[in-house]
file start.csv (CSV, C-alpha atoms)
chain,number,residue,atom,x,y,z
B,22,LEU,CA,45.1,19.4,-5.3
B,23,PHE,CA,46.4,18.4,-1.8
B,24,GLY,CA,46.0,14.8,-2.7
B,25,ALA,CA,47.9,15.3,-6.0
B,26,VAL,CA,50.8,17.2,-4.5
B,27,ALA,CA,51.2,15.3,-1.2
B,28,PRO,CA,49.3,12.0,-1.5
B,29,ASP,CA,50.9,10.5,1.6
B,30,ALA,CA,50.2,13.5,3.8
B,31,SER,CA,46.6,13.7,2.4
B,32,GLU,CA,46.0,10.0,3.1
B,33,GLN,CA,47.4,10.3,6.6
B,34,LEU,CA,45.3,13.4,7.3
B,35,PHE,CA,42.0,12.0,6.1
B,36,ASP,CA,42.6,8.3,7.0
B,37,GLY,CA,39.7,7.1,9.2
B,38,VAL,CA,38.1,10.5,9.7
B,39,VAL,CA,36.2,11.0,6.3
B,40,PRO,CA,33.0,9.2,7.5
B,41,PHE,CA,32.9,11.5,10.6
B,42,LEU,CA,33.5,14.6,8.5
B,43,LYS,CA,30.7,13.5,6.1
B,44,VAL,CA,28.3,13.5,9.1
B,45,VAL,CA,29.5,16.9,10.2
B,46,ALA,CA,29.2,18.2,6.7
B,47,GLN,CA,25.7,16.9,6.4
B,48,VAL,CA,24.7,18.6,9.7
B,49,GLY,CA,26.0,21.8,8.2
B,50,LEU,CA,23.9,21.3,5.1
B,51,ILE,CA,20.8,20.5,7.1
B,52,LEU,CA,21.2,23.7,9.2
B,53,PHE,CA,21.8,25.7,6.0
B,54,MET,CA,18.8,24.4,4.2
B,55,PHE,CA,16.7,25.1,7.2
B,56,ILE,CA,17.8,28.8,7.0
B,57,VAL,CA,17.0,28.7,3.3
B,58,GLY,CA,13.5,27.5,4.1
B,59,LEU,CA,13.0,30.3,6.6
B,60,GLU,CA,13.8,32.8,3.9
B,61,VAL,CA,11.1,31.5,1.5
B,62,ASP,CA,7.9,33.5,1.3
B,63,LEU,CA,5.1,31.0,0.6
B,64,ASP,CA,2.8,33.7,-0.9
B,65,VAL,CA,5.4,34.5,-3.6
B,66,VAL,CA,6.1,30.8,-4.3
B,67,ARG,CA,2.4,30.2,-4.7
B,68,ARG,CA,2.1,33.0,-7.3
B,69,SER,CA,5.0,31.5,-9.3
B,70,GLY,CA,3.8,27.9,-8.8
B,71,SER,CA,2.7,27.1,-12.3
B,72,ARG,CA,5.6,29.0,-13.8
B,73,ALA,CA,8.1,27.1,-11.6
B,74,LEU,CA,6.5,23.8,-12.4
B,75,ALA,CA,6.8,24.5,-16.2
B,76,ILE,CA,10.4,25.6,-15.9
B,77,SER,CA,11.4,22.7,-13.7
B,78,LEU,CA,9.8,20.0,-15.8
B,79,THR,CA,11.2,21.4,-19.0
B,80,SER,CA,14.7,21.8,-17.6
B,81,ILE,CA,14.4,18.1,-16.4
B,82,THR,CA,12.9,16.6,-19.6
B,83,LEU,CA,15.4,18.0,-22.1
B,84,PRO,CA,18.6,16.9,-20.4
B,85,PHE,CA,17.1,13.6,-19.5
B,86,VAL,CA,16.1,12.9,-23.1
B,87,LEU,CA,19.6,14.0,-24.3
B,88,GLY,CA,21.2,11.8,-21.7
B,89,PHE,CA,19.1,8.7,-22.5
B,90,PHE,CA,19.1,8.9,-26.3
B,91,VAL,CA,22.3,10.8,-27.1
B,92,LEU,CA,24.9,10.5,-24.4
B,93,GLY,CA,24.1,6.9,-23.2
B,94,PRO,CA,24.9,5.3,-26.6
B,95,LEU,CA,28.1,7.4,-27.1
B,96,LEU,CA,29.8,6.8,-23.7
B,97,PRO,CA,32.4,4.0,-23.6
B,98,SER,CA,30.9,0.5,-22.9
B,99,ASP,CA,33.0,0.0,-19.8
B,100,THR,CA,31.0,2.7,-18.1
B,101,ARG,CA,28.2,0.2,-17.9
B,102,CYS,CA,30.4,-2.1,-15.9
B,103,VAL,CA,29.6,-2.4,-12.2
B,104,ALA,CA,30.8,-4.6,-9.3
B,105,VAL,CA,27.7,-6.1,-7.7
B,106,PRO,CA,27.1,-9.0,-5.2
B,107,VAL,CA,26.5,-12.2,-7.1
B,108,ALA,CA,22.9,-12.5,-8.4
B,109,GLU,CA,21.7,-9.4,-6.6
B,110,PHE,CA,20.7,-7.4,-9.6
B,111,ALA,CA,19.0,-8.4,-12.9
B,112,THR,CA,22.0,-7.9,-15.1
B,113,ASP,CA,22.8,-9.6,-18.4
B,114,ASP,CA,25.3,-12.4,-18.8
B,115,THR,CA,28.2,-10.3,-20.0
B,116,GLU,CA,31.1,-10.1,-17.7
B,117,CYS,CA,33.3,-7.0,-17.7
B,118,THR,CA,36.5,-6.0,-15.9
B,119,SER,CA,37.1,-2.3,-16.1
B,120,LYS,CA,39.8,-0.9,-13.9
B,121,GLU,CA,37.4,0.5,-11.3
B,122,VAL,CA,35.5,-2.8,-11.1
B,123,ARG,CA,38.6,-4.8,-10.7
B,124,ASN,CA,39.7,-2.6,-7.8
B,125,GLN,CA,36.3,-2.9,-6.1
B,126,ILE,CA,36.3,-6.7,-6.5
B,127,ALA,CA,39.8,-6.8,-5.0
B,128,ASP,CA,38.8,-4.6,-2.1
B,129,GLY,CA,35.7,-6.7,-1.5
B,130,ALA,CA,37.8,-9.9,-1.5
B,131,ALA,CA,40.3,-8.4,0.9
B,132,ALA,CA,37.5,-7.3,3.3
B,133,GLN,CA,36.0,-10.8,3.0
B,134,SER,CA,39.2,-12.5,3.9
B,135,SER,CA,39.8,-10.2,6.8
B,136,GLY,CA,36.3,-10.9,8.2
B,137,SER,CA,35.0,-7.4,7.7
B,138,GLU,CA,31.2,-7.1,7.7
B,139,SER,CA,31.5,-5.2,4.4
B,140,GLY,CA,33.0,-8.2,2.8
B,141,ASP,CA,30.2,-10.7,3.4
B,142,ALA,CA,29.0,-10.8,-0.2
B,143,GLU,CA,31.2,-11.9,-3.1
B,144,LEU,CA,31.5,-9.3,-5.8
B,145,ILE,CA,31.5,-9.9,-9.6
B,146,GLY,CA,31.8,-7.6,-12.6
B,147,ARG,CA,28.6,-7.3,-14.7
B,148,ARG,CA,27.6,-5.1,-17.6
B,149,ILE,CA,24.1,-3.8,-16.7
B,150,PRO,CA,21.4,-3.6,-19.4
B,151,TYR,CA,21.1,-0.4,-21.5
B,152,THR,CA,17.8,0.8,-20.2
B,153,PRO,CA,18.5,1.3,-16.5
B,154,TYR,CA,22.0,2.5,-17.5
B,155,ALA,CA,20.6,5.2,-19.8
B,156,MET,CA,18.0,6.1,-17.2
B,157,PHE,CA,20.7,6.7,-14.7
B,158,ILE,CA,22.7,8.8,-17.2
B,159,GLY,CA,19.5,10.8,-17.9
B,160,VAL,CA,18.9,11.4,-14.2
B,161,ALA,CA,22.5,12.5,-13.7
B,162,MET,CA,22.0,15.1,-16.5
B,163,CYS,CA,18.8,16.5,-15.2
B,164,GLY,CA,19.5,17.1,-11.5
B,165,THR,CA,20.1,20.5,-9.9
B,166,ALA,CA,22.2,20.7,-6.8
B,167,PHE,CA,19.7,22.4,-4.4
B,168,ALA,CA,22.2,23.2,-1.7
B,169,VAL,CA,24.7,24.8,-4.2
B,170,LEU,CA,22.0,26.9,-5.8
B,171,ALA,CA,20.8,28.0,-2.4
B,172,ARG,CA,24.3,29.0,-1.4
B,173,ILE,CA,24.7,31.1,-4.5
B,174,LEU,CA,21.4,32.8,-4.0
B,175,ALA,CA,22.3,33.5,-0.3
B,176,GLU,CA,25.7,35.0,-1.2
B,177,ARG,CA,24.1,37.3,-3.8
B,178,ASN,CA,21.2,38.3,-1.6
B,179,MET,CA,18.7,37.0,-4.1
B,180,PHE,CA,16.2,35.3,-1.7
B,181,ARG,CA,14.0,38.3,-1.3
B,182,ILE,CA,13.5,39.0,-5.0
B,183,PRO,CA,11.0,37.1,-7.2
B,184,LEU,CA,13.7,35.6,-9.4
B,185,GLY,CA,15.4,34.0,-6.4
B,186,LEU,CA,12.2,32.6,-5.0
B,187,LEU,CA,11.3,31.3,-8.5
B,188,LEU,CA,14.6,29.5,-8.6
B,189,VAL,CA,14.1,28.0,-5.2
B,190,ALA,CA,10.7,26.6,-6.2
B,191,CYS,CA,12.2,25.2,-9.4
B,192,ALA,CA,15.1,23.5,-7.5
B,193,THR,CA,12.7,22.0,-5.0
B,194,ILE,CA,10.6,20.4,-7.8
B,195,ASP,CA,13.8,19.4,-9.5
B,196,GLU,CA,15.1,17.6,-6.5
B,197,ILE,CA,11.9,15.6,-5.8
B,198,VAL,CA,11.4,14.6,-9.5
B,199,ALA,CA,15.1,13.6,-9.8
B,200,PHE,CA,14.9,11.3,-6.7
B,201,THR,CA,11.7,9.8,-8.2
B,202,LEU,CA,13.4,9.1,-11.5
B,203,LEU,CA,16.4,7.7,-9.7
B,204,ALA,CA,14.0,5.3,-7.8
B,205,LEU,CA,12.5,4.4,-11.1
B,206,SER,CA,15.8,3.6,-12.7
B,207,THR,CA,16.7,1.5,-9.7
B,208,ALA,CA,13.4,-0.4,-10.0
B,209,VAL,CA,14.1,-1.0,-13.7
B,210,ALA,CA,17.6,-2.3,-12.9
B,211,GLY,CA,16.1,-4.9,-10.5
B,212,GLY,CA,17.0,-3.2,-7.2
B,213,GLY,CA,13.5,-1.9,-6.5
B,214,SER,CA,9.9,-1.9,-7.7
B,215,ALA,CA,7.2,0.4,-9.1
B,216,ALA,CA,5.3,-0.1,-5.8
B,217,GLY,CA,8.4,1.3,-4.0
B,218,VAL,CA,8.3,4.4,-6.1
B,219,ALA,CA,4.6,4.9,-5.5
B,220,TYR,CA,5.2,4.4,-1.8
B,221,MET,CA,7.9,7.1,-1.8
B,222,MET,CA,5.7,9.7,-3.4
B,223,LEU,CA,2.7,8.8,-1.2
B,224,ALA,CA,4.8,8.9,1.9
B,225,LEU,CA,6.3,12.3,0.9
B,226,ALA,CA,2.8,13.7,0.3
B,227,VAL,CA,1.7,12.4,3.8
B,228,PHE,CA,4.8,14.0,5.4
B,229,VAL,CA,4.2,17.4,3.8
B,230,THR,CA,0.5,17.2,4.9
B,231,VAL,CA,1.4,16.3,8.5
B,232,LEU,CA,4.1,19.0,8.5
B,233,PHE,CA,1.8,21.9,7.6
B,234,VAL,CA,-1.5,20.6,9.2
B,235,VAL,CA,-0.2,19.2,12.5
B,236,VAL,CA,3.4,20.3,13.1
B,237,ARG,CA,3.0,23.9,12.0
B,238,PRO,CA,0.3,24.8,14.6
B,239,VAL,CA,2.3,23.1,17.3
B,240,ILE,CA,5.4,25.2,16.4
B,241,ASP,CA,3.2,28.3,16.4
B,242,ARG,CA,1.9,27.6,19.9
B,243,LEU,CA,5.2,26.4,21.5
B,244,VAL,CA,7.7,28.8,19.8
B,245,VAL,CA,6.2,31.6,17.7
B,246,GLU,CA,3.6,32.7,20.1
B,247,PRO,CA,6.1,33.1,23.1
B,248,PHE,CA,8.4,35.0,20.7
B,249,ARG,CA,5.6,37.4,19.8
B,250,ARG,CA,5.0,38.1,23.5
B,251,SER,CA,8.7,38.4,24.6
B,252,GLY,CA,10.5,39.4,21.4
B,253,THR,CA,13.3,37.0,22.3
B,254,LEU,CA,14.2,33.4,21.3
B,255,ALA,CA,14.6,31.3,24.5
B,256,PRO,CA,17.1,28.4,24.4
B,257,GLU,CA,14.2,25.9,24.9
B,258,HIS,CA,12.4,27.3,21.9
B,259,LEU,CA,15.5,26.9,19.7
B,260,THR,CA,15.8,23.3,21.0
B,261,ILE,CA,12.3,22.6,19.9
B,262,LEU,CA,13.1,23.9,16.4
B,263,LEU,CA,16.3,21.9,16.1
B,264,VAL,CA,14.6,18.7,17.2
B,265,GLY,CA,11.9,19.3,14.6
B,266,LEU,CA,14.5,20.1,12.0
B,267,PHE,CA,16.5,16.9,12.4
B,268,ALA,CA,13.4,14.8,12.8
B,269,SER,CA,12.1,16.2,9.4
B,270,ALA,CA,15.4,15.5,7.8
B,271,PHE,CA,15.4,12.0,9.2
B,272,VAL,CA,11.9,11.2,8.0
B,273,THR,CA,12.6,12.3,4.4
B,274,SER,CA,15.8,10.3,4.3
B,275,LYS,CA,13.8,7.2,5.4
B,276,ILE,CA,11.2,8.0,2.8
B,277,GLY,CA,13.9,7.9,0.1
B,278,VAL,CA,14.1,11.6,-0.6
B,279,HIS,CA,17.2,13.5,0.4
B,280,GLU,CA,17.3,14.8,4.0
B,281,LEU,CA,17.9,18.3,2.7
B,282,ILE,CA,14.4,18.4,1.4
B,283,GLY,CA,13.1,17.6,4.9
B,284,ALA,CA,15.2,20.4,6.4
B,285,PHE,CA,14.1,22.9,3.7
B,286,LEU,CA,10.4,22.0,4.1
B,287,PHE,CA,10.6,22.3,7.9
B,288,GLY,CA,12.0,25.8,7.5
B,289,VAL,CA,9.2,26.7,5.0
B,290,SER,CA,6.6,25.4,7.5
B,291,ILE,CA,7.6,27.8,10.3
B,292,PRO,CA,4.7,30.3,10.8
B,293,ARG,CA,5.5,33.9,9.8
B,294,ARG,CA,2.5,36.1,10.8
B,295,GLY,CA,3.4,38.6,13.4
B,296,ALA,CA,6.9,37.3,14.0
B,297,SER,CA,9.1,38.6,11.2
B,298,ASN,CA,12.1,39.0,13.5
B,299,LEU,CA,12.0,35.4,14.5
B,300,PHE,CA,13.9,34.4,11.4
B,301,HIS,CA,16.7,36.8,12.2
B,302,ALA,CA,16.9,35.6,15.7
B,303,ILE,CA,17.2,31.9,14.5
B,304,ALA,CA,19.7,32.8,11.8
B,305,GLU,CA,21.9,34.7,14.3
B,306,ARG,CA,22.1,31.6,16.5
B,307,ILE,CA,22.9,29.0,13.9
B,308,GLU,CA,24.0,30.7,10.6
B,309,GLY,CA,27.6,31.4,11.8
B,310,VAL,CA,28.2,27.8,12.8
B,311,SER,CA,26.6,26.4,9.7
B,312,VAL,CA,27.9,28.7,7.0
B,313,GLN,CA,31.3,29.5,8.4
B,314,LEU,CA,32.4,26.2,10.0
B,315,LEU,CA,30.3,23.2,9.0
B,316,LEU,CA,29.3,24.0,5.4
B,317,PRO,CA,32.9,24.4,4.0
B,318,ILE,CA,33.6,20.8,5.3
B,319,PHE,CA,31.0,19.6,2.8
B,320,PHE,CA,32.9,21.1,-0.1
B,321,VAL,CA,36.2,19.8,1.3
B,322,ILE,CA,34.8,16.3,1.4
B,323,ALA,CA,33.4,16.6,-2.1
B,324,GLY,CA,36.8,17.6,-3.4
B,325,GLN,CA,38.6,15.0,-1.4
B,326,GLY,CA,36.6,12.3,-3.2
B,327,VAL,CA,37.6,13.5,-6.7
B,328,ASP,CA,40.6,11.6,-8.2
B,329,LEU,CA,41.6,13.8,-11.2
B,330,LEU,CA,44.8,11.8,-11.6
B,331,GLY,CA,42.6,8.7,-12.2
B,332,LEU,CA,41.5,10.2,-15.5
B,333,GLY,CA,43.3,9.3,-18.7
B,334,ALA,CA,43.5,10.6,-22.2
B,335,GLY,CA,40.6,8.4,-23.2
B,336,ASP,CA,38.4,10.1,-20.6
B,337,ILE,CA,38.7,13.6,-22.1
B,338,ALA,CA,36.0,13.1,-24.8
B,339,PRO,CA,33.5,11.4,-22.5
B,340,VAL,CA,34.0,14.2,-19.9
B,341,LEU,CA,33.4,16.9,-22.5
B,342,GLY,CA,30.4,15.0,-23.8
B,343,ILE,CA,28.9,14.8,-20.4
B,344,LEU,CA,29.5,18.5,-19.6
B,345,THR,CA,28.1,19.6,-23.0
B,346,VAL,CA,24.9,17.5,-22.8
B,347,ALA,CA,24.3,18.4,-19.1
B,348,CYS,CA,24.9,22.2,-19.5
B,349,ILE,CA,23.2,22.7,-22.8
B,350,GLY,CA,20.2,20.6,-21.9
B,351,LYS,CA,19.6,22.3,-18.6
B,352,PHE,CA,20.3,25.9,-19.9
B,353,VAL,CA,18.1,25.6,-23.0
B,354,GLY,CA,15.3,23.8,-21.1
B,355,GLY,CA,15.3,26.5,-18.3
B,356,PHE,CA,15.7,29.4,-20.7
B,357,VAL,CA,13.0,28.4,-23.2
B,358,ALA,CA,10.4,27.5,-20.5
B,359,ALA,CA,11.1,30.7,-18.6
B,360,ARG,CA,10.5,32.8,-21.8
B,361,MET,CA,7.4,30.8,-22.7
B,362,THR,CA,5.9,31.5,-19.2
B,363,GLY,CA,6.6,35.3,-19.5
B,364,VAL,CA,9.9,35.8,-17.7
B,365,PRO,CA,11.9,38.6,-19.3
B,366,LYS,CA,14.9,37.6,-21.4
B,367,ARG,CA,17.6,38.7,-19.0
B,368,GLN,CA,16.0,36.9,-16.1
B,369,SER,CA,15.4,33.8,-18.3
B,370,LEU,CA,19.1,33.7,-19.1
B,371,ALA,CA,19.7,33.7,-15.3
B,372,VAL,CA,17.2,30.9,-14.8
B,373,GLY,CA,18.9,28.7,-17.5
B,374,THR,CA,22.3,29.5,-15.9
B,375,MET,CA,21.4,29.0,-12.3
B,376,MET,CA,19.5,25.7,-12.9
B,377,ASN,CA,22.9,24.3,-14.0
B,378,THR,CA,24.3,24.1,-10.4
B,379,ARG,CA,25.6,20.6,-10.2
B,380,GLY,CA,27.5,17.8,-8.7
B,381,LEU,CA,27.8,17.7,-5.0
B,382,ALA,CA,24.5,16.6,-3.7
B,383,GLU,CA,23.8,14.6,-6.8
call {"tool": "encode", "arguments": {"input": "start.csv", "output": "structure tokens"}}
result
Amino acid sequence: LFGAVAPDASEQLFDGVVPFLKVVAQVGLILFMFIVGLEVDLDVVRRSGSRALAISLTSITLPFVLGFFVLGPLLPSDTRCVAVPVAEFATDDTECTSKEVRNQIADGAAAQSSGSESGDAELIGRRIPYTPYAMFIGVAMCGTAFAVLARILAERNMFRIPLGLLLVACATIDEIVAFTLLALSTAVAGGGSAAGVAYMMLALAVFVTVLFVVVRPVIDRLVVEPFRRSGTLAPEHLTILLVGLFASAFVTSKIGVHELIGAFLFGVSIPRRGASNLFHAIAERIEGVSVQLLLPIFFVIAGQGVDLLGLGAGDIAPVLGILTVACIGKFVGGFVAARMTGVPKRQSLAVGTMMNTRGLAE
């Protein structure tokens, strides 16, 4: 809205600072997902494991299939047009020059002429093959924004009820599967390989094993045990937790899975036995900064990147089609799977609705 009403003022305000704000926003998200992980009761998650898996996979499969077979063929052909470095991807021979691609090529040429590092490669417009394009559309339809869902659950105090924990488990599976499918679509497009996908899943499994078998006992000895004896969280103990938190986020980002997954899993791995007040002590230290200051920046940046004025009359039908396929596929998939696994009707409706959190992380 600010960009539409006062574009000059908006550009002046955000000029040059957006990359730094993105880093700040990501720090806020990582801290928030760590708190979310602390709230998760592993015993409850284990009891709902098979149910969460069934709900998650169904709510992924249906929108993915609808996106691949229904939405992909119906979207305008220029949505398959991308600006890529010459000969980098295995595209077909059809050139295309949509408005967005022309702008990217022009920006790339300008950066190249000015000697910018980002302008080293010459860009060209190419229409990508249908299969990787449709796979990408399917992945976009089946994702669930983990951070947004967690924020809703936190605001409605739903983390301590079985439905909230079931949704967290579903969203975790959703996020991992969606990143796997995205890696697969990249491999099909020529920007990756099946071996790369296998490496990502193997590396993630190794990371989770190390986190719970090696790191968890270390945290218990260095942080949790002193807290049991004293009842207070010393600054050096909080430092250890924060170092472990950002290290976990860094590792998962390098693996190819979002850093939020690493932050969440590190929070889940913190030992609980005999130190229930530890989580309140940690939350008191970092929740205010994360939720009240850093997290809103994430939503500001997300909105700042949306150009509503760039949409024309011809975009109305595609937008409505995307929303319809995404919401119906996710809602029906989540609701039906929840009912089939014994979740009451009212809670199943909530599952279908809450699995529809979208957009920002994706």
call {"tool": "atom_distance", "arguments": {"input": "start.csv", "atom1": "CA of Leu187 in chain B", "atom2": "CA of Leu78 in chain B"}}
result
13.5 Å
call {"tool": "closest_atom_pairs", "arguments": {"input": "start.csv", "of": "range 207-256 of chain B", "to": "range 296-320 of chain B", "cutoff": "10 Å", "atoms": "only C-alpha atoms", "output": "CSV"}}
result
residue,atom,partner,partner_atom,distance
B:Val244,CA,B:Leu299,CA,9.5
B:Val245,CA,B:Ala296,CA,6.8
B:Glu246,CA,B:Ala296,CA,8.3
B:Phe248,CA,B:Leu299,CA,7.2
B:Arg249,CA,B:Ala296,CA,5.9
B:Arg250,CA,B:Ala296,CA,9.7
B:Gly252,CA,B:Asn298,CA,8.1
B:Thr253,CA,B:Ala302,CA,7.6
B:Leu254,CA,B:Ala302,CA,6.6
B:Pro256,CA,B:Arg306,CA,9.9
call {"tool": "write_last_selection", "arguments": {"input": "start.csv", "atoms": "C-alpha atoms", "output": "compact mmCIF listing (two decimals), in the coordinates of the input"}}
result
# COMPACT_ATOMS: atom_id res chain seq x y z
CA VAL B 244 7.70 28.80 19.80
CA VAL B 245 6.20 31.60 17.70
CA GLU B 246 3.60 32.70 20.10
CA PHE B 248 8.40 35.00 20.70
CA ARG B 249 5.60 37.40 19.80
CA ARG B 250 5.00 38.10 23.50
CA GLY B 252 10.50 39.40 21.40
CA THR B 253 13.30 37.00 22.30
CA LEU B 254 14.20 33.40 21.30
CA PRO B 256 17.10 28.40 24.40
call {"tool": "atom_distance", "arguments": {"input": "start.csv", "atom1": "CA of Leu243 in chain B", "atom2": "CA of Ala270 in chain B"}}
result
20.3 Å
call {"tool": "closest_residue", "arguments": {"input": "start.csv", "among": "B:Phe23, B:Phe352, B:Tyr220, B:Phe53", "to": "Ala175 in chain B", "atoms": "only C-alpha atoms"}}
result
B:Phe53
call {"tool": "atom_distance", "arguments": {"input": "start.csv", "atom1": "CA of Met221 in chain B", "atom2": "CA of Ser269 in chain B"}}
result
15.0 Å
call {"tool": "build_atoms", "arguments": {"input": "start.csv", "residues": "range 256-271 of chain B", "atoms": "N, CA and C atoms", "output": "PDB file, in the coordinates of the input"}}
result
ATOM      1  N   PRO B 256      16.314  29.610  24.797  1.00  0.00           N
ATOM      2  CA  PRO B 256      17.100  28.400  24.400  1.00  0.00           C
ATOM      3  C   PRO B 256      16.139  27.174  24.230  1.00  0.00           C
ATOM      4  N   GLU B 257      15.105  27.050  25.090  1.00  0.00           N
ATOM      5  CA  GLU B 257      14.200  25.900  24.900  1.00  0.00           C
ATOM      6  C   GLU B 257      13.424  25.939  23.636  1.00  0.00           C
ATOM      7  N   HIS B 258      13.136  27.154  23.154  1.00  0.00           N
ATOM      8  CA  HIS B 258      12.400  27.300  21.900  1.00  0.00           C
ATOM      9  C   HIS B 258      13.325  26.913  20.704  1.00  0.00           C
ATOM     10  N   LEU B 259      14.581  27.294  20.772  1.00  0.00           N
ATOM     11  CA  LEU B 259      15.500  26.900  19.700  1.00  0.00           C
ATOM     12  C   LEU B 259      15.714  25.383  19.732  1.00  0.00           C
ATOM     13  N   THR B 260      15.700  24.788  20.921  1.00  0.00           N
ATOM     14  CA  THR B 260      15.800  23.300  21.000  1.00  0.00           C
ATOM     15  C   THR B 260      14.669  22.630  20.326  1.00  0.00           C
ATOM     16  N   ILE B 261      13.459  23.144  20.533  1.00  0.00           N
ATOM     17  CA  ILE B 261      12.300  22.600  19.900  1.00  0.00           C
ATOM     18  C   ILE B 261      12.438  22.613  18.363  1.00  0.00           C
ATOM     19  N   LEU B 262      12.902  23.756  17.863  1.00  0.00           N
ATOM     20  CA  LEU B 262      13.100  23.900  16.400  1.00  0.00           C
ATOM     21  C   LEU B 262      14.133  22.939  15.872  1.00  0.00           C
ATOM     22  N   LEU B 263      15.241  22.783  16.602  1.00  0.00           N
ATOM     23  CA  LEU B 263      16.300  21.900  16.100  1.00  0.00           C
ATOM     24  C   LEU B 263      15.867  20.435  16.151  1.00  0.00           C
ATOM     25  N   VAL B 264      15.097  20.061  17.185  1.00  0.00           N
ATOM     26  CA  VAL B 264      14.600  18.700  17.200  1.00  0.00           C
ATOM     27  C   VAL B 264      13.652  18.439  16.044  1.00  0.00           C
ATOM     28  N   GLY B 265      12.761  19.391  15.783  1.00  0.00           N
ATOM     29  CA  GLY B 265      11.900  19.300  14.600  1.00  0.00           C
ATOM     30  C   GLY B 265      12.601  19.230  13.326  1.00  0.00           C
ATOM     31  N   LEU B 266      13.652  20.040  13.226  1.00  0.00           N
ATOM     32  CA  LEU B 266      14.500  20.100  12.000  1.00  0.00           C
ATOM     33  C   LEU B 266      15.097  18.754  11.685  1.00  0.00           C
ATOM     34  N   PHE B 267      15.805  18.186  12.646  1.00  0.00           N
ATOM     35  CA  PHE B 267      16.500  16.900  12.400  1.00  0.00           C
ATOM     36  C   PHE B 267      15.523  15.754  12.269  1.00  0.00           C
ATOM     37  N   ALA B 268      14.380  15.856  12.949  1.00  0.00           N
ATOM     38  CA  ALA B 268      13.400  14.800  12.800  1.00  0.00           C
ATOM     39  C   ALA B 268      12.813  14.854  11.346  1.00  0.00           C
ATOM     40  N   SER B 269      12.585  16.056  10.807  1.00  0.00           N
ATOM     41  CA  SER B 269      12.100  16.200   9.400  1.00  0.00           C
ATOM     42  C   SER B 269      13.116  15.650   8.442  1.00  0.00           C
ATOM     43  N   ALA B 270      14.391  15.982   8.652  1.00  0.00           N
ATOM     44  CA  ALA B 270      15.400  15.500   7.800  1.00  0.00           C
ATOM     45  C   ALA B 270      15.523  13.966   7.824  1.00  0.00           C
ATOM     46  N   PHE B 271      15.377  13.413   9.024  1.00  0.00           N
ATOM     47  CA  PHE B 271      15.400  12.000   9.200  1.00  0.00           C
ATOM     48  C   PHE B 271      14.275  11.279   8.461  1.00  0.00           C
TER      49      PHE B 271
END
